[in-house]
Each structure stands twice: as C-alpha cells, then as structure tokens.
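Presented below is the structure to which this report refers.
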2 protein chains.
Amino acid sequence: MLIVQKYGGTSVGSIERIQAVAKRVEKAVMRGDRVVVVVSAMSGETNKLIDMATRVSKTPAAREMDMLLSSGERVTCALTAIALKELGLEAIALTGRQAGIVTDSTHTKARIEEIPSEPVTKHIKEGKIVVVAGFQGATRNGEVTTLGRGGSDLTAVAIAGAIKADLCEIYTDVDGVYTTDPRVEEKARKLDRVSYDEMLELASLGAKVLQNRSVELAKKLQVKVVTRSSFNENEGTLITSEEECMEKPIVSGIALDKNQARCSLIGVADRPGIAAEIFETLASTAINVDMIVQTVGQDGKTNMDFTVPSTELEQAKRALSGFANAQEFDDQVCKVSIVGVGMKSHSGVAARMFSSLAKENINILMISTSEIKISVVIARKYGELAVRILHAAYELDK
Amino acid sequence: MLIVQKYGGTSVGSIERIQAVAKRVEKAVMRGDRVVVVVSAMSGETNKLIDMATRVSKTPAAREMDMLLSSGERVTCALTAIALKELGLEAIALTGRQAGIVTDSTHTKARIEEIPSEPVTKHIKEGKIVVVAGFQGATRNGEVTTLGRGGSDLTAVAIAGAIKADLCEIYTDVDGVYTTDPRVEEKARKLDRVSYDEMLELASLGAKVLQNRSVELAKKLQVKVVTRSSFNENEGTLITSEEECMEKPIVSGIALDKNQARCSLIGVADRPGIAAEIFETLASTAINVDMIVQTVGQDGKTNMDFTVPSTELEQAKRALSGFANAQEFDDQVCKVSIVGVGMKSHSGVAARMFSSLAKENINILMISTSEIKISVVIARKYGELAVRILHAAYELDK
C-alpha cells in the first residue's frame, strides 16, 4: 500500500516521540508499505513563536508570520528524516515548497491551489520515505505561506490525493472518532467507520479530531482517511465515502456544543429581505451565526431565533440593537446534535429524540434538522444529561 | 549611504534585543541611510538544534541538518522585520533563497556561487528595509543549504558586495578589533582601522571578531567592513584596503594562540619529496599543520619542526610514527605573533621582538615570518607575559 501518515504536535513533541514515530514508520515499511510522512511542529512550538511575534507587535505582518511559523515544521521534518535514516531507512525531508505545495498568497491561511505529484513521487520511486513539513506551502513567486489551523492535516490529505495514496493516516493523541465525548458518557464507543458527511457534521459540532477543511478535501479527492493514536496500536476510525460505510447505523454519534447563546428577535417586520439584512449585519461584524429558526408571526410580524458563539453574544447584541421591538438573549444554552447517514431512510428518528428528552423533562428551545443531523437547543445545565439519554436511546453503546 | 548591518546571535538573543536592533536600524534610516539587515539565529538556538539532531543520530545527514539549522535564522529574520514594521518602517523579511543567495550543494558548509543584486535591490528601490536570514542559501535546484561557521557574516559581506553597499557593519558583543586580547593586556587598545591582510593574520591567530572566510570575501569584493558592538554607540574598527589605512603602524596587533603543540622530527632523510610525504600523511588524517620550520642537517639528514593544534597531537604522533629516528613532541607551547602592514617597509621589527623577549629570558623555540607577520613559539607559561612585553615594546598602548 501507498500510505500518507500524518503526525500531530504531541506525536512529535520530543526527541523520544520523534524516534517512536520513526519506529512506527519503519513498521509500515517492513510490512511492505511505501510511506510518506507529514509532520506538525513540536507541540507548544507554534504557540511559542506566536507569543514572540505578539510581544514584538500586536499586529504582526501576515507575510512575516508565515516565515516565522513555517520554521517549526522544518525542524520536526528534518529531525524525523534524520531519525528514519538512523534506523537504516532511506529518507528525505521536504519543505512544503519542495513538496510542490502551491498556494495562493493569503498569508497565514493560504489555500492550496495545486500539488503536482512529481516532487514527492520521484523520491518514492527511488525507494525513499518522503517526510514533508506540514502546514506550509509557497506561492508561485516563492513566497512562504502557511495553511492556517489544521494545516498539517490538510497537507497530508492533499498529498494523499495528489499521489493517489491508498490511505491517509492522521495520528493524534486520541484513538479515533467516538459516538460521543467519552468525558460526558463513559459508555462512548469508538466508531470503526464514519462517512465524510457524518464526520463533517460531527466535527463542526465539537468532536474535533479532524478539521472540516481536511474532511471536505478528503471527500473531494476521495481520500480514505484513518484517524488513530500514535501512542498505541489500536485501530482508528476510517473516514470514507458513504458507500463504503456498510453498516449505516441510524445514528453514528452525538455532539455537544456548550459554546452557544440564543438570540431571539420578536416581532420583526415580515417583509422580503429582512432576514438578509439581519444576517448581513452580523456577518459584517464577523459573528458566526449557527442555527437559524424562523416562525410565522401575526400582524405582518415574525419571530427569528438563532444561535451565536457565547463569546460573541455581546457583540451580537450591539449589532442587533436596531432590529425588532423585543429581543431576548440567553447565554445559558447548549446544542445537542445526533448525526447519522441512516437517518435519511429511517422515519421516527427525530420523534425518538424529542420523546427521550421529554421523558426527562428537558425542554427543547429550538430545533433544526438536516438530512443527516438533528440539533436541539436546550438549557446548558442539561447538556451532559441529554447526551447520555440519547446515547442510550439510540443504543450507541452496543 | 547604502549600508548592510549584520547582527549576531547575542545581538538578537531576546525579544528585547531584537527590538533594540530595530531601533538601531531606525536611527540609520533617520540619518538618511538605506539599510539591509542580516541576522543570525538567537544565541543558543543553533546549538539547541544541533543538540536535538545529535540526540537522534550521531551522524545526522548533512542535507537534513541544513533544513533544521536554517530554521533559526528564519525566526529572527521574521521577528526583526515585524519589529521594524512596528516602528512604522517599511520592511520585508527574505530567506537566503529569497535574497537570491545561490550556493553549491556542499551541505552544512556550502560555498556561495552567485548573488544577483536584483532580489534585494528591487525592495530597496521600493523604500523597504530588507531583512535577510543569514547563514543560509539554496542551490539552483532549490535545496536548502547553510554556509558553515561564520556564515551570517559571509551573507552580509556577500550581499554588501552584490548591491555595492558603501559599508558592511558587523555587530557583535565586542567593540571591534583590539591590539591584543584585553583579558591578557589591559592596556590593549581598539584599532580604528586595520587592513584586510592584517585582519586575516589577526583572525587566524585568535582574535575572533570576524572569520577569515568573510575577510577574504570582503577583500575580494572590496567591501568596507566595520566591526562594532550592538550594545553601545562606540565607533568600531574599519577593515579596509591597505591604501585606506593611512597610518600604517609598524605593528597593529599581537595575537596569542595557546592551542599549539610542537612536533620535531630529528634526522629525517634529506631527499627530495620527504617534506611532501610527511605533510601529505598529516593532511590525509585531517590534521591542521601550522608553522613549519626546516633546518639544514648533517650527513644527509635534516630536522623538521612544525606545530599542530594541541588537540590533534596524539593523532599526529600516530601518523608520524614511521618517519625519522628521533621524534620530540611538546604540548606545553604557545604561539605569539605580531602583525602589521608597516613591517614591510621597516627593518629591525623582528630584531626588536627577539631582543624584547630575550631581555625577559623567554626562550624562542621556533620562528616563522611572513610579509606582515612574525610568529614565535615559546613555552606556554610565558604566553601572556610575552604579549604584554611586546605590546609595550611596539607602543601599542599609545
């Protein structure tokens, strides 16, 4: 098999761990696999660099930030290649630029424009293990860029797509994707498989194993991704297309997002374009609106409910001051979502959710549904309880 | 004036010092100068990276070492540019590659092959302060290289030559070049000017302000170099062509090298090629032979004396075991040298040296002379005393 293995910051957080990574790569090579390794900066290193920059300037230039931040991955990339050679393996370290990762010039959050396969495959053909510095690329003019949060995952998925790898393994410090947060429900079970779409819903809802950007790219390039731990030998979770998710359980996982606040605009003039006006106002102040629910009102008025991150509530209040007569804000709420591709073909999934919560006297404040997800907003104090109730209701511990 | 300013590791050793560097650059800009800044890695950083690599492998690959080590200068380069912008100045950070520094592919000690002026001058023309990461370059194939010890000085001199700068200022933690080591002779005086050739002799003899590679390049490119401290406003020492050294003192400085051991081969067969044989043998084991003195012998035999670094004496003994009947080794010696372009046109310089030492009963074991230097080997215990005697004899404190 041709495998891309990506190791995150904690997995390469010390010399000993880098050596452990090399041993793990060696094992794959001994099995007969050809391996491309993508590494992050040592954990803490990127924050240290950001801290230095912000001590120099509150608004450090993005271009120079990229030169600064990209140095962290070069260090682990070089050290990992050295560690592999020390084991007697042929290895070569490549910077993002050397690996052919061409990006646009949006410094600190550049988008990958192109990855020709040749810069990596030519070394694979020579029997070498290619080690690529994650998180970074270069523009066509040779400017250094970085890919933003989760950038190393993106590098791994993009390279896997470019070289048509059989598998892209994302190594972190957790075993994979769980039915829900094990700290909330100890019966949470690791999923063997999950579809790209389910993963997208689970990730945006708080199960932060893999950023949505990477999942979206994997879906687009049809890269099979496995997330697993670099600290044990457990099988991880395979993220793949729906067709390959044989079991198709009704509900795959339950996500809890406690960083939510509810905004209610009561008695908004019910005329065309009013919703656009409201949400453009919020977008212009960079507030991320999540669930939106509009109910039919009376007398040419309507009610509009939506959620924003708790941290952005005060900002939202100011932005909304001009709209509607009555406004209500509640920052003691949370969002609980059930996600599963099986929902599409099963009726009664939502009903079971609502009745399960009702049985425990948990009041639902908002409901929003999509093809593979149902989300409810409830009082924050019931968040964990709701997760446990639903985990049992959909038999996720089985 | 168009000035290249190079700041060493201690000068950029902390955020505060980087900010102080930015202020110093600002001062030059306010004077009306256009400035290119070359920076080393923060002091200790390169050693930290080397240490990590050697923990992973006793023989880390040179190519990967270069990727590793070049990261240190990228950090200071980016931070310095950010600090300059914070002062409201226009600045841009360039890696060695971006600055157009093309090297051969001898990793960890690459030689500069070419520096086109355009990658730097195009930004100068836009009114920007260009900050270049020292110590590094790239091959024509885009491989990252480093320039070896003193590499950042070399970067500065090479860029100054390429862009035809009026001056190349090398900032370190010392004030400049002294008549001798102030720790040995407290009356040591800072030199205002010194010629390239004198500097070459002084540097190789222990006054390590600037490595010989950089002085040689400065001489070749006719770059005027000033070495000075970044911690005060003192004028430094100008290193320039002999013609510009108006004063031409007989003796400019005195160097003491205590890392010397004497090897004597007594009764070597006096036939053509014997010297070549001996020194090829030593060279093949990478021993650096310094002073060589051969005296005429009797009966077709000759005596050969030379010095090697003390640390390489044992190795030299083994390599020499096949030559000569009698061998003598002495690792309790040192070398004292007087250097000055004025010597060329003054007679009696050597005589004064020998008589001054004789007056204090210091026995001279070996003598070697060049056009602008006289070196003697004496017992190590007299090294500091000899320096002080000669410093007074040539009135260097005046």
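Every chain in the structure tokens has a letter given in the order shown (A, B, ...), and although residue numbers restart at 1 in each chain, ligands are simply numbered from 1 in the order shown.
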
Write down, as a PyMOL selection string, each residue of chain A that has any atom within 6 Å of an atom of chain B, counting only C-alpha atoms. chain A and resi 56-57+60+64+68+71+75+78+82-83+86

For C-alpha atoms, I'd like the residues from the last selection saved as a compact mmCIF listing (two decimals), in the first residue's frame.
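Okay, again_10.txt is ready:
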```txt
# COMPACT_ATOMS: atom_id res chain seq x y z
CA VAL A 56 7.12 42.41 19.21
CA SER A 57 3.89 43.65 17.64
CA PRO A 60 2.48 41.29 13.16
CA GLU A 64 6.44 37.60 8.10
CA LEU A 68 8.24 32.63 11.33
CA SER A 71 10.14 27.20 10.78
CA VAL A 75 12.58 21.38 12.48
CA ALA A 78 14.38 17.39 9.36
CA ILE A 82 17.31 12.03 10.46
CA ALA A 83 15.60 9.59 12.85
CA GLU A 86 19.35 6.40 11.86
```

Using DSSP on the backbone coordinates, identify all residues within region 197-256 of chain A classified as alpha helix (DSSP H); present the result as a VMD selection string. chain A and resid 197 to 204 212 to 221

List the spatial neighbours of region 363-370 of chain B as a PDB file with C-alpha atoms, in the first residue's frame - criterion: any atom at most 8 Å away, only C-alpha atoms, same-chain residues fewer than 5 positions off excluded.
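File written: result_10.pdb
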```
ATOM      1  CA  MET B 291      54.132  26.738  11.440  1.00  0.00           C
ATOM      2  CA  ILE B 292      56.726  24.704   9.610  1.00  0.00           C
ATOM      3  CA  VAL B 293      60.474  25.210  10.061  1.00  0.00           C
ATOM      4  CA  ASP B 305      59.803  21.312  13.245  1.00  0.00           C
ATOM      5  CA  PHE B 354      63.518  38.851  19.732  1.00  0.00           C
ATOM      6  CA  LEU B 357      61.718  38.549  24.715  1.00  0.00           C
ATOM      7  CA  ALA B 358      65.379  37.763  25.398  1.00  0.00           C
ATOM      8  CA  SER B 375      55.378  34.404  14.874  1.00  0.00           C
ATOM      9  CA  VAL B 376      57.418  32.753  17.584  1.00  0.00           C
ATOM     10  CA  VAL B 377      56.769  29.564  19.509  1.00  0.00           C
ATOM     11  CA  ILE B 378      57.656  29.781  23.200  1.00  0.00           C
ATOM     12  CA  ALA B 379      56.818  27.889  26.381  1.00  0.00           C
TER      13      ALA B 379
END
```

Every residue of region 205-269 of chain A that DSSP places in strand (DSSP E or B), as an NGL selection string: :A and (225-229 or 237-240 or 253-269)

May I have the residues within 7 Å of region 220-235 of chain A as a VMD selection string, using only C-alpha atoms and disregarding those fewer than 2 positions away in the same chain? chain A and resid 11 157 160 to 161 167 to 176 216 to 218 237 to 240

Top pick for closest residue to Ala165 (chain A), considering A:His346, A:Asp51, A:Ile124, A:Asp299 and counting only C-alpha atoms: A:Ile124

Using only C-alpha atoms, which residues sit within 9 Å of Val120 (chain B) once same-chain residues fewer than 2 positions away are excluded, as an MDAnalysis selection string? chainID B and resid 36 94 98:100 116:118 122:125 130 132 159 163

Would you mind reading off the distance between CA of Val336 (chain B) and CA of Lys301 (chain B), one decimal, in Å?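 Between CA of Val336 (chain B) and CA of Lys301 (chain B) the gap is 29.3 Å.
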
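Put simply, CA of Ser214 (chain B) is 14.6 Å away from CA of Ser40 (chain B).
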